[in-house]
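Asker: What follows is final-v1.csv, made up of CSV, C-alpha atoms:
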chain,number,residue,atom,x,y,z
A,630,GLY,CA,129.6,-23.8,-96.8
A,631,GLY,CA,133.1,-23.3,-98.0
A,632,ALA,CA,134.8,-20.1,-98.9
A,633,ARG,CA,133.6,-18.5,-102.1
A,634,PRO,CA,136.0,-16.9,-104.6
A,635,ASN,CA,135.9,-13.1,-104.5
A,636,TYR,CA,134.8,-12.5,-108.1
A,637,LYS,CA,133.6,-9.1,-109.3
A,638,ARG,CA,129.9,-8.8,-110.1
A,639,ALA,CA,130.6,-8.5,-113.8
A,640,THR,CA,132.1,-11.9,-113.8
A,641,TRP,CA,128.8,-13.4,-112.5
A,642,VAL,CA,126.5,-11.6,-115.0
A,643,GLY,CA,127.1,-14.1,-117.7
A,644,LEU,CA,126.3,-17.0,-115.4
A,645,LEU,CA,122.7,-15.9,-114.7
A,646,ALA,CA,120.1,-15.8,-117.4
A,647,GLU,CA,118.7,-12.4,-118.4
A,648,ARG,CA,115.4,-13.4,-116.8
A,649,GLU,CA,117.1,-14.3,-113.5
A,650,ARG,CA,119.0,-10.9,-113.5
A,651,SER,CA,115.7,-9.1,-114.3
A,652,ILE,CA,114.0,-10.8,-111.3
A,653,LEU,CA,116.9,-9.7,-109.0
A,654,GLU,CA,116.7,-6.2,-110.5
A,655,VAL,CA,113.0,-5.9,-109.8
A,656,GLU,CA,113.5,-7.2,-106.2
A,657,ARG,CA,116.3,-4.6,-105.7
A,658,SER,CA,114.5,-1.5,-107.1
A,659,TRP,CA,110.7,-2.0,-107.2
A,660,TRP,CA,110.2,0.4,-104.3
A,661,LEU,CA,111.8,3.2,-106.3
A,662,THR,CA,108.8,3.2,-108.6
A,663,HIS,CA,105.5,4.8,-107.7
A,664,ARG,CA,103.8,1.4,-108.0
A,665,SER,CA,103.0,-1.4,-105.7
A,666,LYS,CA,105.3,-4.3,-105.9
A,667,GLU,CA,102.7,-6.4,-107.7
A,668,GLU,CA,102.3,-3.6,-110.3
A,669,ALA,CA,106.0,-3.4,-110.8
A,670,ILE,CA,106.3,-7.1,-111.3
A,671,ARG,CA,103.6,-7.1,-113.9
A,672,ALA,CA,105.0,-4.0,-115.7
A,673,GLU,CA,108.7,-5.0,-115.6
A,674,LEU,CA,108.5,-8.7,-116.1
A,675,GLY,CA,105.0,-9.3,-117.6
A,676,ILE,CA,104.3,-12.2,-115.1
A,677,ALA,CA,101.9,-12.8,-112.2
A,678,PRO,CA,103.3,-12.1,-108.7
A,679,SER,CA,102.8,-15.7,-107.8
A,680,THR,CA,105.1,-16.7,-110.7
A,681,TYR,CA,107.6,-14.0,-109.7
A,682,TYR,CA,107.9,-15.3,-106.1
A,683,ARG,CA,108.3,-18.9,-107.2
A,684,LEU,CA,111.1,-17.8,-109.7
A,685,LEU,CA,112.7,-15.5,-107.1
A,686,HIS,CA,113.0,-18.3,-104.6
A,687,GLU,CA,114.6,-20.5,-107.3
A,688,VAL,CA,117.1,-17.8,-108.2
A,689,ILE,CA,118.1,-16.9,-104.7
A,690,ASP,CA,119.1,-20.5,-104.0
A,691,ARG,CA,121.9,-20.2,-106.6
A,692,ASP,CA,125.5,-19.3,-105.7
A,693,GLU,CA,125.7,-17.2,-108.9
A,694,ALA,CA,122.8,-15.0,-107.7
A,695,LEU,CA,124.5,-14.6,-104.3
A,696,ALA,CA,127.7,-13.5,-106.0
A,697,TYR,CA,125.8,-11.2,-108.4
A,698,ASP,CA,123.8,-9.3,-105.7
A,699,PRO,CA,124.4,-10.5,-102.2
A,700,LEU,CA,122.3,-7.9,-100.4
A,701,VAL,CA,119.2,-8.5,-102.5
A,702,VAL,CA,119.6,-12.3,-102.2
A,703,LEU,CA,120.2,-12.3,-98.5
A,704,ARG,CA,117.3,-9.9,-97.9
A,705,ALA,CA,115.0,-11.9,-100.1
A,706,ALA,CA,116.0,-15.1,-98.3
A,707,GLY,CA,115.3,-13.4,-94.9
A,708,ARG,CA,118.9,-13.4,-93.8
A,709,ALA,CA,120.8,-10.3,-92.8
A,710,PRO,CA,124.2,-9.8,-94.5
A,711,PRO,CA,127.2,-10.2,-92.2
A,712,GLY,CA,127.6,-7.1,-89.9
A,713,VAL,CA,124.0,-5.8,-90.5
A,714,GLY,CA,121.8,-5.6,-87.5
A,715,ARG,CA,124.6,-5.8,-85.0
A,716,GLY,CA,125.4,-2.9,-82.7
A,717,ILE,CA,128.7,-1.1,-82.9
A,718,ARG,CA,130.9,-2.3,-80.1
Translate this structure into structure tokens?

Answerer:
Amino acid sequence: GGARPNYKRATWVGLLAERERSILEVERSWWLTHRSKEEAIRAELGIAPSTYYRLLHEVIDRDEALAYDPLVVLRAAGRAPPGVGRGIR
């Protein structure tokens, strides 16, 4: 892909729907709760885990989501951010 503009996160907040941001927030922080991921999904979003994963995969395909929270998007997509996982040389 081409180079993306370097916008601040706040710029991208308005380009994602509240539900899309909520999905990314759950993906970022569910492990901070004392619940299983499935319990956190139900408690925070009120949806079934299968629905959550379908919506998550739709959201992480959007450039706006990548700009909003690149670490969460790349982790959810199974890709390491640039520089992560490489040894220091």

Asker: Taking into account only C-alpha atoms, which residue in the set A:Leu644, A:Pro678, A:Trp660, A:Leu684 is nearest to Ala696 (chain A)?

Answerer: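 Nearest candidate to Ala696 (chain A) out of A:Leu644, A:Pro678, A:Trp660, A:Leu684: A:Leu644.
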
Asker: Give me, as JSON, numbers by chain, all polymer residues having an atom no more than 10 Å from Ala646 (chain A), counting all atoms listed in the file and skipping those fewer than 5 positions away in the same chain.

Answerer: {"A": [651, 652, 688]}

Asker: Need to verify the contact set: Glu649 (chain A), 12 Å, all atoms listed in the file, exclusion of same-chain residues closer than 4 positions in sequence. Can you return it as a short mmCIF file (atom, residue, chain, number, x, y, z; two decimals) with C-alpha atoms, in the frame of the given file?

Answerer:
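Result file out_15.cif:
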data_model
loop_
_atom_site.label_atom_id
_atom_site.label_comp_id
_atom_site.auth_asym_id
_atom_site.auth_seq_id
_atom_site.Cartn_x
_atom_site.Cartn_y
_atom_site.Cartn_z
CA TRP A 641 128.80 -13.40 -112.50
CA VAL A 642 126.50 -11.60 -115.00
CA GLY A 643 127.10 -14.10 -117.70
CA LEU A 644 126.30 -17.00 -115.40
CA LEU A 645 122.70 -15.90 -114.70
CA LEU A 653 116.90 -9.70 -109.00
CA GLU A 654 116.70 -6.20 -110.50
CA VAL A 655 113.00 -5.90 -109.80
CA GLU A 656 113.50 -7.20 -106.20
CA LEU A 674 108.50 -8.70 -116.10
CA TYR A 681 107.60 -14.00 -109.70
CA TYR A 682 107.90 -15.30 -106.10
CA ARG A 683 108.30 -18.90 -107.20
CA LEU A 684 111.10 -17.80 -109.70
CA LEU A 685 112.70 -15.50 -107.10
CA HIS A 686 113.00 -18.30 -104.60
CA GLU A 687 114.60 -20.50 -107.30
CA VAL A 688 117.10 -17.80 -108.20
CA ILE A 689 118.10 -16.90 -104.70
CA ASP A 690 119.10 -20.50 -104.00
CA ARG A 691 121.90 -20.20 -106.60
CA GLU A 693 125.70 -17.20 -108.90
CA ALA A 694 122.80 -15.00 -107.70
CA LEU A 695 124.50 -14.60 -104.30
CA TYR A 697 125.80 -11.20 -108.40
CA ASP A 698 123.80 -9.30 -105.70
CA VAL A 702 119.60 -12.30 -102.20
#

Asker: Report, in Å with one decimal, the straight-line distance from CA of Leu703 (chain A) to CA of Ile676 (chain A).

Answerer: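 Computing the Euclidean distance for CA of Leu703 (chain A) and CA of Ile676 (chain A) yields 23.0 Å.
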
Asker: Between CA of Asp692 (chain A) and CA of Trp659 (chain A), what is the spacing in Å?

Answerer: 22.8 Å
